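Chemist: Sharing protein14.cif (mmCIF, C-alpha atoms and all ligand atoms) below.
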```
data_target
loop_
_atom_site.label_atom_id
_atom_site.label_comp_id
_atom_site.auth_asym_id
_atom_site.auth_seq_id
_atom_site.Cartn_x
_atom_site.Cartn_y
_atom_site.Cartn_z
CA MET A 400 11.47 26.55 32.21
CA LYS A 401 13.90 25.11 29.73
CA GLY A 402 14.40 21.99 31.83
CA LEU A 403 10.64 21.56 32.13
CA PHE A 404 10.27 21.91 28.37
CA PHE A 405 12.77 19.18 27.75
CA GLY A 406 11.14 17.06 30.43
CA ASP A 407 7.75 17.29 28.72
CA PHE A 408 9.26 16.72 25.31
CA PHE A 409 11.18 13.63 26.32
CA GLU A 410 8.15 12.14 28.05
CA LYS A 411 6.37 11.89 24.72
CA MET A 412 9.31 10.56 22.73
CA LYS A 413 9.66 6.82 22.14
CA ILE A 414 12.39 4.35 21.36
CA PHE A 415 11.88 1.15 19.40
CA LYS A 416 14.58 -1.42 19.96
CA GLY A 417 15.19 -4.48 17.79
CA ARG A 418 16.87 -5.78 14.64
CA ILE A 419 16.36 -2.85 12.30
CA PHE A 420 16.15 -3.48 8.56
CA SER A 421 15.48 -0.81 5.97
CA PHE A 422 16.44 -0.16 2.34
CA LEU A 423 18.71 2.66 1.21
CA LYS A 424 18.24 1.97 -2.51
CA LYS A 425 16.98 -0.63 -4.94
CA PRO A 426 19.02 -3.85 -4.59
CA ASP A 427 21.06 -4.82 -7.67
CA ASN A 428 20.88 -8.50 -6.78
CA ILE A 429 20.45 -10.88 -3.84
CA HIS A 430 24.04 -10.22 -2.70
CA ASP A 431 23.63 -6.43 -2.58
CA THR A 432 24.19 -5.90 1.15
CA GLY A 433 24.93 -2.23 0.44
CA SER A 434 21.30 -1.65 -0.54
CA TYR A 435 20.04 -1.76 3.05
CA ILE A 436 20.87 -1.01 6.65
CA LEU A 437 20.77 -3.81 9.19
CA LEU A 438 21.32 -2.93 12.85
CA LYS A 439 21.34 -6.14 14.90
CA LYS A 440 20.75 -4.29 18.17
CA GLY A 441 19.38 -1.05 16.81
CA ALA A 442 17.17 1.73 18.09
CA ILE A 443 14.77 4.12 16.39
CA VAL A 444 14.04 7.32 18.28
CA CYS A 445 10.76 8.96 17.43
CA ASP A 446 9.55 12.39 18.54
CA GLU A 447 6.16 13.45 19.89
CA THR A 448 4.84 14.08 16.36
CA GLY A 449 5.59 10.51 15.25
CA VAL A 450 8.65 11.42 13.21
CA ILE A 451 11.99 9.59 13.42
CA VAL A 452 14.70 11.79 14.94
CA GLU A 453 17.54 9.33 15.16
CA ILE A 454 18.38 5.75 14.28
CA ASP A 455 21.54 3.88 15.25
CA ASP A 456 22.95 1.06 17.36
CA TYR A 457 21.16 1.09 20.71
CA SER A 458 24.49 1.20 22.54
CA LYS A 459 25.27 4.55 20.88
CA LEU A 460 21.90 6.12 21.76
CA ALA A 461 21.10 4.64 25.17
CA LYS A 462 22.83 7.32 27.24
CA LYS A 463 21.61 10.28 25.21
CA TYR A 464 17.97 9.20 25.53
CA GLU A 465 18.06 7.74 29.02
CA GLY A 466 14.59 7.61 30.59
CA ILE A 467 12.66 7.63 27.32
CA GLU A 468 9.86 5.04 26.99
CA THR A 469 11.39 2.06 25.18
CA GLU A 470 9.72 -0.85 23.40
CA ASP A 471 12.12 -3.76 23.06
CA PHE A 472 11.45 -6.29 20.31
CA GLY A 473 14.61 -8.31 20.94
CA SER A 474 15.96 -9.99 17.83
CA LYS A 475 12.76 -9.55 15.80
CA ILE A 476 13.01 -7.51 12.58
CA ILE A 477 11.70 -3.94 12.70
CA CYS A 478 11.12 -2.64 9.18
CA PRO A 479 9.07 0.10 7.51
CA GLY A 480 5.32 -0.51 7.28
CA PHE A 481 4.23 -2.04 3.97
CA ILE A 482 2.73 0.16 1.25
CA ASP A 483 -0.12 -1.22 -0.88
CA LEU A 484 -0.30 0.70 -4.15
CA HIS A 485 -3.64 -0.55 -5.45
CA ASN A 486 -6.80 -1.95 -3.94
CA HIS A 487 -10.55 -1.37 -3.77
CA PHE A 488 -12.01 -0.29 -0.46
CA PRO A 489 -15.60 -1.35 -1.41
CA GLN A 490 -14.58 -4.91 -2.34
CA THR A 491 -13.75 -6.49 1.01
CA GLN A 492 -16.88 -8.65 0.72
CA VAL A 493 -16.16 -9.50 -2.92
CA ILE A 494 -13.02 -11.51 -2.11
CA ALA A 495 -13.40 -15.22 -2.86
CA SER A 496 -16.22 -14.92 -5.41
CA TYR A 497 -16.23 -18.06 -7.53
CA GLY A 498 -15.92 -18.95 -11.15
CA THR A 499 -15.45 -15.84 -13.32
CA LYS A 500 -12.85 -13.76 -15.13
CA LEU A 501 -12.62 -9.98 -15.07
CA LEU A 502 -15.63 -8.65 -17.03
CA GLU A 503 -18.09 -11.24 -15.73
CA TRP A 504 -16.64 -10.90 -12.20
CA LEU A 505 -17.28 -7.13 -12.31
CA ASN A 506 -20.87 -7.57 -13.48
CA LYS A 507 -21.82 -10.55 -11.35
CA TYR A 508 -20.17 -9.69 -8.02
CA THR A 509 -18.35 -6.39 -7.92
CA PHE A 510 -20.79 -3.80 -9.24
CA PRO A 511 -23.69 -5.14 -7.09
CA ASN A 512 -21.48 -5.02 -4.00
CA GLU A 513 -20.22 -1.51 -4.75
CA SER A 514 -23.84 -0.30 -5.08
CA LEU A 515 -24.23 -0.92 -1.31
CA PHE A 516 -21.97 2.08 -0.69
CA SER A 517 -24.82 4.49 -1.41
CA ASP A 518 -25.59 3.90 2.27
CA ASP A 519 -23.51 5.99 4.71
CA SER A 520 -23.66 3.50 7.59
CA HIS A 521 -22.31 0.81 5.26
CA CYS A 522 -19.44 3.13 4.20
CA GLU A 523 -18.64 3.86 7.84
CA ARG A 524 -18.56 0.20 8.87
CA GLU A 525 -16.61 -0.93 5.81
CA SER A 526 -13.97 1.81 6.11
CA LYS A 527 -13.14 0.62 9.64
CA VAL A 528 -13.08 -3.06 8.65
CA PHE A 529 -10.94 -2.30 5.60
CA LEU A 530 -8.29 -0.26 7.41
CA ASP A 531 -8.25 -2.76 10.32
CA LEU A 532 -7.50 -5.55 7.84
CA LEU A 533 -4.73 -3.57 6.16
CA ASN A 534 -3.14 -2.54 9.47
CA ASN A 535 -3.37 -6.05 10.88
CA ASN A 536 -1.30 -7.16 7.88
CA GLY A 537 1.32 -4.48 8.42
CA ILE A 538 0.13 -2.15 5.66
CA THR A 539 0.53 1.41 6.92
CA THR A 540 -0.01 3.26 3.61
CA THR A 541 -2.56 2.44 0.94
CA VAL A 542 -3.78 3.69 -2.41
CA SER A 543 -7.41 2.79 -2.90
CA PHE A 544 -10.41 3.07 -5.22
CA GLY A 545 -13.70 4.09 -3.61
CA SER A 546 -17.09 3.36 -5.14
CA VAL A 547 -18.81 5.92 -7.35
CA HIS A 548 -20.49 7.32 -4.23
CA VAL A 549 -18.52 10.25 -2.94
CA ASN A 550 -19.28 9.31 0.67
CA SER A 551 -17.37 6.06 0.31
CA VAL A 552 -14.10 8.02 0.22
CA GLU A 553 -15.39 10.61 2.69
CA TYR A 554 -15.71 7.86 5.33
CA LEU A 555 -12.44 6.25 4.29
CA PHE A 556 -10.58 9.55 4.71
CA ARG A 557 -12.27 10.19 8.08
CA GLU A 558 -11.16 6.80 9.37
CA ALA A 559 -7.63 7.23 7.93
CA HIS A 560 -7.39 10.65 9.56
CA ASN A 561 -8.41 9.18 12.94
CA ARG A 562 -5.49 6.76 12.60
CA ASN A 563 -3.05 9.41 11.26
CA MET A 564 -2.58 7.00 8.36
CA CYS A 565 -1.35 7.90 4.88
CA VAL A 566 -4.26 7.02 2.58
CA ILE A 567 -4.48 8.04 -1.08
CA ALA A 568 -7.95 7.46 -2.51
CA GLY A 569 -10.61 8.68 -4.91
CA ASN A 570 -14.28 8.16 -5.70
CA VAL A 571 -14.33 6.02 -8.84
CA LEU A 572 -15.49 7.79 -12.02
CA MET A 573 -17.75 5.67 -14.26
CA ASP A 574 -20.66 6.63 -16.51
CA ARG A 575 -21.41 3.65 -18.78
CA ASN A 576 -21.41 -0.14 -19.15
CA ALA A 577 -22.48 -0.92 -15.57
CA PRO A 578 -25.76 -0.86 -13.58
CA ASN A 579 -27.19 2.61 -12.93
CA THR A 580 -26.64 2.13 -9.20
CA VAL A 581 -22.87 2.51 -9.75
CA LEU A 582 -22.89 5.15 -12.47
CA GLU A 583 -22.66 8.92 -12.19
CA LYS A 584 -23.04 11.52 -14.93
CA ALA A 585 -19.77 13.16 -15.96
CA ASP A 586 -20.71 16.69 -14.83
CA LYS A 587 -21.88 15.47 -11.39
CA SER A 588 -18.69 13.41 -10.98
CA TYR A 589 -16.67 16.52 -11.67
CA LEU A 590 -18.46 18.45 -8.91
CA ASN A 591 -18.27 15.54 -6.44
CA SER A 592 -14.56 15.15 -7.05
CA LYS A 593 -13.81 18.84 -6.69
CA GLU A 594 -15.68 18.95 -3.39
CA ILE A 595 -13.81 16.04 -1.89
CA ILE A 596 -10.45 17.28 -3.16
CA ASP A 597 -11.11 20.57 -1.34
CA ARG A 598 -12.12 18.74 1.82
CA TRP A 599 -9.41 16.08 1.99
CA HIS A 600 -6.46 16.47 -0.37
CA ASN A 601 -3.33 17.03 1.75
CA VAL A 602 -5.38 17.13 4.95
CA GLY A 603 -3.39 15.28 7.61
CA ARG A 604 -1.88 12.36 5.73
CA CYS A 605 -4.77 11.98 3.26
CA LYS A 606 -4.27 12.59 -0.44
CA TYR A 607 -6.62 12.44 -3.38
CA ALA A 608 -6.32 10.30 -6.51
CA ILE A 609 -8.36 11.07 -9.64
CA THR A 610 -9.87 7.66 -10.37
CA PRO A 611 -11.51 6.86 -13.73
CA ARG A 612 -12.22 3.11 -13.34
CA PHE A 613 -11.06 2.09 -16.83
CA ALA A 614 -11.84 2.98 -20.42
CA ILE A 615 -14.77 0.54 -20.72
CA THR A 616 -16.85 2.36 -18.08
CA SER A 617 -15.85 5.84 -19.31
CA THR A 618 -17.50 7.85 -22.09
CA PRO A 619 -15.22 10.29 -23.91
CA GLU A 620 -17.05 13.01 -21.93
CA LEU A 621 -16.01 11.38 -18.64
CA MET A 622 -12.43 11.13 -19.90
CA GLU A 623 -12.57 14.89 -20.54
CA VAL A 624 -13.76 15.40 -16.96
CA SER A 625 -10.79 13.36 -15.72
CA GLN A 626 -8.50 15.48 -17.85
CA SER A 627 -9.93 18.71 -16.40
CA LEU A 628 -9.57 17.41 -12.85
CA ILE A 629 -5.96 16.43 -13.58
CA GLU A 630 -5.13 19.84 -15.10
CA GLU A 631 -6.79 21.75 -12.27
CA ASN A 632 -5.32 19.62 -9.43
CA ASN A 633 -1.80 18.77 -10.46
CA SER A 634 -0.68 17.58 -7.03
CA CYS A 635 -3.31 14.80 -7.03
CA TYR A 636 -2.47 11.26 -8.09
CA ILE A 637 -4.17 9.48 -11.02
CA GLN A 638 -5.16 5.81 -10.87
CA THR A 639 -6.89 3.48 -13.32
CA HIS A 640 -6.63 -0.02 -14.82
CA LEU A 641 -4.72 -1.03 -17.95
CA SER A 642 -4.42 -4.21 -20.04
CA GLU A 643 -5.46 -6.70 -17.41
CA ASN A 644 -7.43 -9.20 -19.47
CA ILE A 645 -7.59 -10.14 -23.16
CA ASP A 646 -11.40 -9.68 -23.46
CA GLU A 647 -11.12 -6.34 -21.66
CA ILE A 648 -8.55 -5.12 -24.21
CA LYS A 649 -10.72 -6.27 -27.13
CA THR A 650 -13.84 -4.53 -25.76
CA THR A 651 -11.84 -1.38 -25.02
CA LEU A 652 -10.54 -1.10 -28.57
CA GLU A 653 -14.07 -1.70 -29.93
CA LEU A 654 -15.32 1.21 -27.80
CA PHE A 655 -12.42 3.47 -28.88
CA PRO A 656 -11.84 2.29 -32.50
CA GLU A 657 -9.72 5.28 -33.45
CA HIS A 658 -6.99 4.20 -30.99
CA LYS A 659 -4.08 1.96 -31.94
CA ASN A 660 -3.67 0.60 -28.42
CA TYR A 661 -5.19 0.75 -24.92
CA LEU A 662 -2.66 3.15 -23.39
CA SER A 663 -3.12 5.72 -26.14
CA ILE A 664 -6.70 6.31 -24.89
CA TYR A 665 -5.38 7.47 -21.50
CA ASP A 666 -2.61 9.37 -23.27
CA LYS A 667 -5.11 11.31 -25.37
CA TYR A 668 -6.76 12.65 -22.20
CA LYS A 669 -3.39 13.64 -20.68
CA MET A 670 -3.57 11.02 -17.97
CA LEU A 671 0.04 9.82 -18.15
CA SER A 672 2.61 11.26 -15.74
CA ASN A 673 4.92 10.16 -12.94
CA LYS A 674 1.90 10.33 -10.61
CA THR A 675 -0.13 7.83 -12.67
CA LEU A 676 -0.71 4.34 -11.29
CA LEU A 677 -1.77 1.80 -13.94
CA ALA A 678 -3.03 -1.34 -12.23
CA HIS A 679 -2.11 -4.67 -13.84
CA SER A 680 -0.39 -3.56 -17.09
CA ILE A 681 0.00 -7.19 -18.13
CA HIS A 682 -0.53 -7.52 -21.88
CA LEU A 683 1.38 -4.46 -23.08
CA LYS A 684 2.47 -3.89 -26.67
CA GLU A 685 5.94 -2.57 -27.51
CA GLY A 686 4.69 0.98 -28.16
CA GLU A 687 2.84 1.03 -24.85
CA ILE A 688 5.95 -0.04 -22.93
CA GLU A 689 7.96 2.70 -24.61
CA ARG A 690 5.30 5.32 -23.78
CA MET A 691 5.07 4.15 -20.16
CA LYS A 692 8.80 4.55 -19.78
CA GLU A 693 8.74 7.99 -21.38
CA SER A 694 5.85 9.27 -19.26
CA GLY A 695 7.07 7.83 -15.92
CA ALA A 696 3.69 6.15 -15.36
CA ILE A 697 3.83 3.14 -13.04
CA ALA A 698 2.89 -0.46 -13.83
CA VAL A 699 1.29 -1.77 -10.63
CA HIS A 700 1.61 -5.54 -10.33
CA CYS A 701 -1.25 -7.28 -8.51
CA PRO A 702 -0.19 -10.94 -8.34
CA THR A 703 -2.91 -12.56 -6.22
CA SER A 704 -5.56 -10.90 -8.38
CA ASN A 705 -3.91 -11.83 -11.67
CA LEU A 706 -3.83 -15.49 -10.63
CA PHE A 707 -7.31 -15.52 -9.05
CA LEU A 708 -8.99 -13.89 -12.08
CA GLY A 709 -6.78 -15.83 -14.51
CA SER A 710 -5.70 -12.54 -16.08
CA GLY A 711 -2.11 -13.31 -17.10
CA LEU A 712 1.53 -13.18 -16.07
CA PHE A 713 3.15 -9.79 -15.38
CA LYS A 714 6.32 -9.20 -17.43
CA TYR A 715 8.45 -7.96 -14.52
CA LYS A 716 11.86 -8.58 -16.06
CA GLU A 717 11.00 -7.09 -19.42
CA LEU A 718 9.43 -3.96 -17.92
CA GLU A 719 12.37 -3.45 -15.55
CA GLU A 720 14.91 -3.95 -18.33
CA LYS A 721 13.04 -1.49 -20.54
CA GLY A 722 13.01 1.14 -17.79
CA VAL A 723 9.32 1.09 -16.81
CA ARG A 724 8.68 1.90 -13.15
CA THR A 725 6.91 -0.95 -11.33
CA ALA A 726 5.06 -1.31 -8.02
CA ILE A 727 3.31 -4.10 -6.10
CA ALA A 728 -0.19 -4.24 -4.67
CA THR A 729 -2.88 -6.51 -3.23
CA ASP A 730 -5.78 -5.42 -5.52
CA VAL A 731 -8.27 -6.61 -2.91
CA GLY A 732 -10.99 -7.79 -3.74
CA GLY A 733 -9.86 -9.20 -7.13
CA GLY A 734 -6.79 -9.94 -5.02
CA THR A 735 -7.28 -12.66 -2.44
CA SER A 736 -5.23 -11.41 0.50
CA PHE A 737 -4.60 -8.29 2.54
CA SER A 738 -1.14 -9.66 3.31
CA MET A 739 1.85 -8.17 1.51
CA LEU A 740 3.78 -11.34 2.43
CA ARG A 741 1.23 -13.51 0.61
CA THR A 742 1.32 -11.00 -2.27
CA MET A 743 5.14 -11.23 -2.55
CA ASP A 744 4.88 -15.01 -2.51
CA GLU A 745 2.48 -15.03 -5.48
CA ALA A 746 4.70 -12.51 -7.31
CA TYR A 747 7.60 -14.93 -6.90
CA LYS A 748 5.53 -17.82 -8.29
CA ILE A 749 4.40 -15.78 -11.30
CA GLN A 750 8.01 -14.92 -12.14
CA GLN A 751 9.00 -18.59 -11.74
CA LEU A 752 6.51 -19.30 -14.56
CA GLU A 753 8.32 -16.59 -16.53
CA ASN A 754 11.65 -18.36 -15.86
CA PHE A 755 12.90 -15.65 -13.53
CA SER A 756 13.53 -16.04 -9.79
CA LEU A 757 12.50 -12.74 -8.19
CA ASN A 758 14.77 -12.34 -5.18
CA PRO A 759 13.38 -11.54 -1.71
CA LEU A 760 15.42 -8.35 -1.38
CA ASN A 761 13.65 -7.04 -4.45
CA SER A 762 10.26 -8.09 -3.09
CA PHE A 763 10.77 -6.40 0.28
CA PHE A 764 12.20 -3.32 -1.46
CA TRP A 765 9.08 -3.21 -3.68
CA ALA A 766 6.68 -3.37 -0.72
CA THR A 767 8.51 -0.59 1.18
CA LEU A 768 10.90 1.95 -0.36
CA GLY A 769 10.09 0.97 -3.96
CA ASN A 770 6.40 1.72 -3.59
CA ALA A 771 7.22 4.90 -1.62
CA GLU A 772 9.43 6.10 -4.50
CA CYS A 773 6.62 5.39 -6.96
CA LEU A 774 4.47 7.79 -4.93
CA GLY A 775 7.30 10.34 -4.63
CA LEU A 776 6.91 9.99 -0.85
CA GLN A 777 10.32 8.47 -0.07
CA ASN A 778 11.10 11.35 2.28
CA GLN A 779 8.07 10.49 4.42
CA ILE A 780 7.54 6.73 4.25
CA GLY A 781 9.02 3.44 3.02
CA SER A 782 12.33 3.56 4.88
CA LEU A 783 13.50 4.15 8.42
CA LYS A 784 15.51 7.36 8.39
CA THR A 785 15.56 10.68 10.19
CA GLY A 786 12.64 12.86 9.12
CA ASN A 787 10.41 9.99 7.97
CA TYR A 788 7.26 8.98 9.84
CA ALA A 789 7.72 6.17 12.37
CA ASP A 790 5.39 3.91 10.35
CA LEU A 791 6.93 0.61 11.31
CA ILE A 792 6.20 -3.06 11.74
CA VAL A 793 7.72 -5.90 13.71
CA LEU A 794 8.16 -9.17 11.81
CA ASN A 795 8.12 -12.51 13.59
CA SER A 796 9.86 -15.16 11.52
CA ASN A 797 8.79 -17.87 13.99
CA SER A 798 5.08 -17.11 13.97
CA THR A 799 3.95 -20.64 13.07
CA SER A 800 5.34 -24.04 13.96
CA LEU A 801 6.35 -24.61 10.34
CA MET A 802 8.18 -21.28 10.18
CA SER A 803 9.98 -22.01 13.46
CA HIS A 804 11.02 -25.42 12.21
CA ARG A 805 12.24 -23.98 8.88
CA MET A 806 14.07 -21.17 10.69
CA GLU A 807 16.29 -23.75 12.43
CA LYS A 808 18.05 -24.10 9.06
CA CYS A 809 18.15 -20.39 8.23
CA GLU A 810 21.58 -18.77 7.87
CA THR A 811 21.17 -15.36 6.24
CA LEU A 812 18.85 -12.35 6.30
CA GLU A 813 17.92 -12.96 2.66
CA GLU A 814 16.89 -16.52 3.51
CA GLU A 815 14.85 -15.29 6.47
CA LEU A 816 13.03 -12.77 4.25
CA PHE A 817 12.26 -15.52 1.76
CA ILE A 818 10.87 -17.72 4.54
CA LEU A 819 8.74 -14.81 5.73
CA GLN A 820 7.29 -14.17 2.26
CA THR A 821 6.80 -17.83 1.41
CA LEU A 822 5.28 -18.98 4.70
CA GLY A 823 4.15 -15.81 6.48
CA ASP A 824 0.85 -13.98 6.73
CA ASP A 825 -0.80 -11.63 9.26
CA ARG A 826 0.44 -13.89 12.08
CA ALA A 827 4.01 -12.87 11.20
CA ILE A 828 3.20 -9.21 11.91
CA ASP A 829 3.76 -8.92 15.67
CA ALA A 830 3.31 -5.17 15.99
CA VAL A 831 2.34 -2.18 13.86
CA PHE A 832 2.98 1.50 14.58
CA ILE A 833 1.62 4.43 12.58
CA ALA A 834 3.48 7.69 13.21
CA GLY A 835 4.84 6.10 16.38
CA GLU A 836 1.41 5.10 17.73
CA LYS A 837 0.71 1.44 18.35
CA ILE A 838 -2.04 0.03 16.11
CA LYS A 839 -1.34 -3.66 16.67
CA GLN A 840 0.60 -5.72 19.19
CA VAL A 841 0.20 -9.46 19.66
N1 LIG B 1 -10.87 -3.22 -13.93
C1 LIG B 1 -11.87 -2.33 -13.75
N2 LIG B 1 -12.38 -2.40 -12.50
C2 LIG B 1 -11.68 -3.35 -11.86
C3 LIG B 1 -11.74 -3.88 -10.54
O1 LIG B 1 -12.52 -3.48 -9.70
N3 LIG B 1 -10.84 -4.88 -10.26
C4 LIG B 1 -9.95 -5.34 -11.17
N4 LIG B 1 -9.11 -6.31 -10.82
N5 LIG B 1 -9.89 -4.86 -12.41
C5 LIG B 1 -10.74 -3.88 -12.76
ZN ZN B 2 -8.15 -2.78 -9.29
#
```
If you took the structure in this file and wrote it as structure tokens, what would it be?

Modeler:
Amino acid sequence: MKGLFFGDFFEKMKIFKGRIFSFLKKPDNIHDTGSYILLKKGAIVCDETGVIVEIDDYSKLAKKYEGIETEDFGSKIICPGFIDLHNHFPQTQVIASYGTKLLEWLNKYTFPNESLFSDDSHCERESKVFLDLLNNNGITTTVSFGSVHVNSVEYLFREAHNRNMCVIAGNVLMDRNAPNTVLEKADKSYLNSKEIIDRWHNVGRCKYAITPRFAITSTPELMEVSQSLIEENNSCYIQTHLSENIDEIKTTLELFPEHKNYLSIYDKYKMLSNKTLLAHSIHLKEGEIERMKESGAIAVHCPTSNLFLGSGLFKYKELEEKGVRTAIATDVGGGTSFSMLRTMDEAYKIQQLENFSLNPLNSFFWATLGNAECLGLQNQIGSLKTGNYADLIVLNSNSTSLMSHRMEKCETLEEELFILQTLGDDRAIDAVFIAGEKIKQV
């Protein structure tokens, strides 16, 4: 019987062979080779539940796991799946909307599009399209805003669960300053949120985020509802927007005149903790930076969105030096790409304008282990180590003729990563596995 047991067990295990690259810690600089593992001919062994059981040079594991199904990716890089820490599931069809900045963009394009999510069949279709686009770009974990309609996140969680994908999401809470079709009264929002937390939080790999949109669309009563939800569900995440746009900040302080700055509004309602994701966080005042550091709240940088909406330049170096935790995200559909590679590229360009050259080790750390640490999920995702899920992607640095041509002159891993982020997109993602199951293979 024992032999049979092992036989069955081994039949379901898998080995992924290739050039394995994964961070151990945040890189100090571009020369910090101790911040990652690189196995030129490595192997990842994954068990029948999709969890990594061993990782080492293939030559050291080959005999022990003889006969196990093996996928060989040759010299291509195998790295952890990307993690997108902020985006909007109901905005896939808002991408590429012309000619506005944040507040006008919300009113003209975004709120009308989000109103379509009152329809269940629309939610069902869009949840599939959205997760397909993320997966195709190598994103295996996402944190997302739903629309105000509770079924938007219901369908998103259902689709995530089907894929065994780690998705953190919440129905957006908003009760003023938008069309009625995307508003919900505070007491109803409370009940909706409680119901969906009970149904989905920590079910499979789904987790709930309490999601007040931002201060402008929240009455003080809705802020109190958010506070109650936070106090009653302390394992849930919290996500909102902060200091993205100058007109937004002005309007916010007019609506909350008793507050000295934007962040203090969220602080008043006990929204700041190490599980709080504050999208954008661009135009922060000194006191806000200090309070973010103290609370452990995370500044989520959304470069393609900040450029597209003309919002401003993220102060990466200053925030890092002052000890604020930072993350990176697509912010689709203010953001213009589902690709983390395109997102890293725009982050680099923004920092160039700030006279700082963000190095590619830092960018790849951000999109993998860095974002996982921000979620407190580093013992599940974001790096390739025993006990973590086999959420992994295969990068092809020769996926276009230009990349191939440029690669002829490439000498180091760091250079290759920079080529990938500068020139790559979904075509550079050859394969994607979620908990060991193939989602994409070109
Ligand atoms: N602030 C409030 N809502 C939104 C949104 O949907 N997108 C962006 N970029 N900023 C916001
Ligand atoms: Zn956003």

Chemist: From (-9.3, -12.2, -9.8), in the file's coordinates, out to 9 Å: which residues are reached, counting all atoms listed in the file? Answer as a JSON list (two decimals) with C-alpha atoms, keeping the file's coordinate frame.

Modeler:
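File produced: part_9.json:
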```
[["chain", "number", "residue", "atom", "x", "y", "z"],
["A", 494, "ILE", "CA", -13.02, -11.51, -2.11],
["A", 495, "ALA", "CA", -13.40, -15.22, -2.86],
["A", 496, "SER", "CA", -16.22, -14.92, -5.41],
["A", 499, "THR", "CA", -15.45, -15.84, -13.32],
["A", 500, "LYS", "CA", -12.85, -13.76, -15.13],
["A", 501, "LEU", "CA", -12.62, -9.98, -15.07],
["A", 504, "TRP", "CA", -16.64, -10.90, -12.20],
["A", 703, "THR", "CA", -2.91, -12.56, -6.22],
["A", 704, "SER", "CA", -5.56, -10.90, -8.38],
["A", 705, "ASN", "CA", -3.91, -11.83, -11.67],
["A", 706, "LEU", "CA", -3.83, -15.49, -10.63],
["A", 707, "PHE", "CA", -7.31, -15.52, -9.05],
["A", 708, "LEU", "CA", -8.99, -13.89, -12.08],
["A", 709, "GLY", "CA", -6.78, -15.83, -14.51],
["A", 710, "SER", "CA", -5.70, -12.54, -16.08],
["A", 730, "ASP", "CA", -5.78, -5.42, -5.52],
["A", 731, "VAL", "CA", -8.27, -6.61, -2.91],
["A", 732, "GLY", "CA", -10.99, -7.79, -3.74],
["A", 733, "GLY", "CA", -9.86, -9.20, -7.13],
["A", 734, "GLY", "CA", -6.79, -9.94, -5.02],
["A", 735, "THR", "CA", -7.28, -12.66, -2.44]]
```

Chemist: Residues contacting ligand ZN 2 (chain B) - anything with an atom at most 12 Å away, using all atoms listed in the file - can you give me those as a ChimeraX atom specification?

Modeler: /A:483-490,501,505,509,542-546,571,610-613,638-643,676-680,699-705,708,727-734

Chemist: Could you pull the residues within 8 Å of range 620-622 of chain A, counting only C-alpha atoms, minus those fewer than 5 positions along the same chain, as a list in words?

Modeler: Leu572, Met573, Asp574, Lys584, Ala585, Pro611 and Tyr668 of chain A

Chemist: Of the residues A:Glu583, A:Glu523, A:Asp646, A:Asp597, which is the one nearest to ligand LIG 1 (chain B), using all atoms listed in the file?

Modeler: A:Asp646

Chemist: Contacts of range 449-465 of chain A at 8 Å or less, counting only C-alpha atoms, minus same-chain residues fewer than 4 places along, as a list in words?

Modeler: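 Close residues of range 449-465 of chain A: Lys416, Leu438, Lys439, Lys440, Gly441, Ala442, Ile443, Val444, Cys445, Leu783, Lys784, Thr785, Gly786, Asn787, Tyr788, Ala789, Ile833, Ala834, Gly835 and Glu836 of chain A.
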
Chemist: Would you mind telling me which residue in A:Ile476, A:Val602, A:Gln751, A:Ile615 lies nearest to Met564 in chain A when using all atoms listed in the file?

Modeler: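 Selected residue with least distance to Met564 in chain A: A:Val602.
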
Chemist: Using all atoms listed in the file, which residues sit within 9 Å of Phe737 in chain A once same-chain residues fewer than 6 positions away are excluded, as a PDB file with C-alpha atoms, keeping the file's coordinate frame?

Modeler:
```
ATOM      1  CA  LEU A 532      -7.500  -5.550   7.840  1.00  0.00           C
ATOM      2  CA  LEU A 533      -4.730  -3.570   6.160  1.00  0.00           C
ATOM      3  CA  ASN A 535      -3.370  -6.050  10.880  1.00  0.00           C
ATOM      4  CA  ASN A 536      -1.300  -7.160   7.880  1.00  0.00           C
ATOM      5  CA  ILE A 538       0.130  -2.150   5.660  1.00  0.00           C
ATOM      6  CA  THR A 729      -2.880  -6.510  -3.230  1.00  0.00           C
ATOM      7  CA  ASP A 730      -5.780  -5.420  -5.520  1.00  0.00           C
ATOM      8  CA  VAL A 731      -8.270  -6.610  -2.910  1.00  0.00           C
ATOM      9  CA  ASP A 824       0.850 -13.980   6.730  1.00  0.00           C
ATOM     10  CA  ASP A 825      -0.800 -11.630   9.260  1.00  0.00           C
TER      11      ASP A 825
END
```

Chemist: One number please: CA of Tyr508 in chain A to CA of Pro619 in chain A, in Å, one decimal.

Modeler: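 So the answer is 26.0 Å.
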
Chemist: Counting only C-alpha atoms and all ligand atoms, figure out which residue out of A:Lys593, A:Arg805, A:Lys507, A:Arg826 gets nearest to ligand LIG 1 (chain B).

Modeler: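 Of the candidates, the smallest distance to ligand LIG 1 (chain B) is held by A:Lys507.
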
Chemist: Kindly extract all protein, DNA and RNA residues lying within 10 Å of the coordinates (5.2, 1.9, -23.5) given in the file, considering all atoms listed in the file, and supply them as a list in words.

Modeler: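 Residues with an atom close enough to that point: Leu662, Ser663, Leu683, Lys684, Glu685, Gly686, Glu687, Ile688, Glu689, Arg690, Met691, Lys692, Glu693, Ser694, Gly695, Ala696, Leu718, Lys721, Gly722 and Val723 of chain A.
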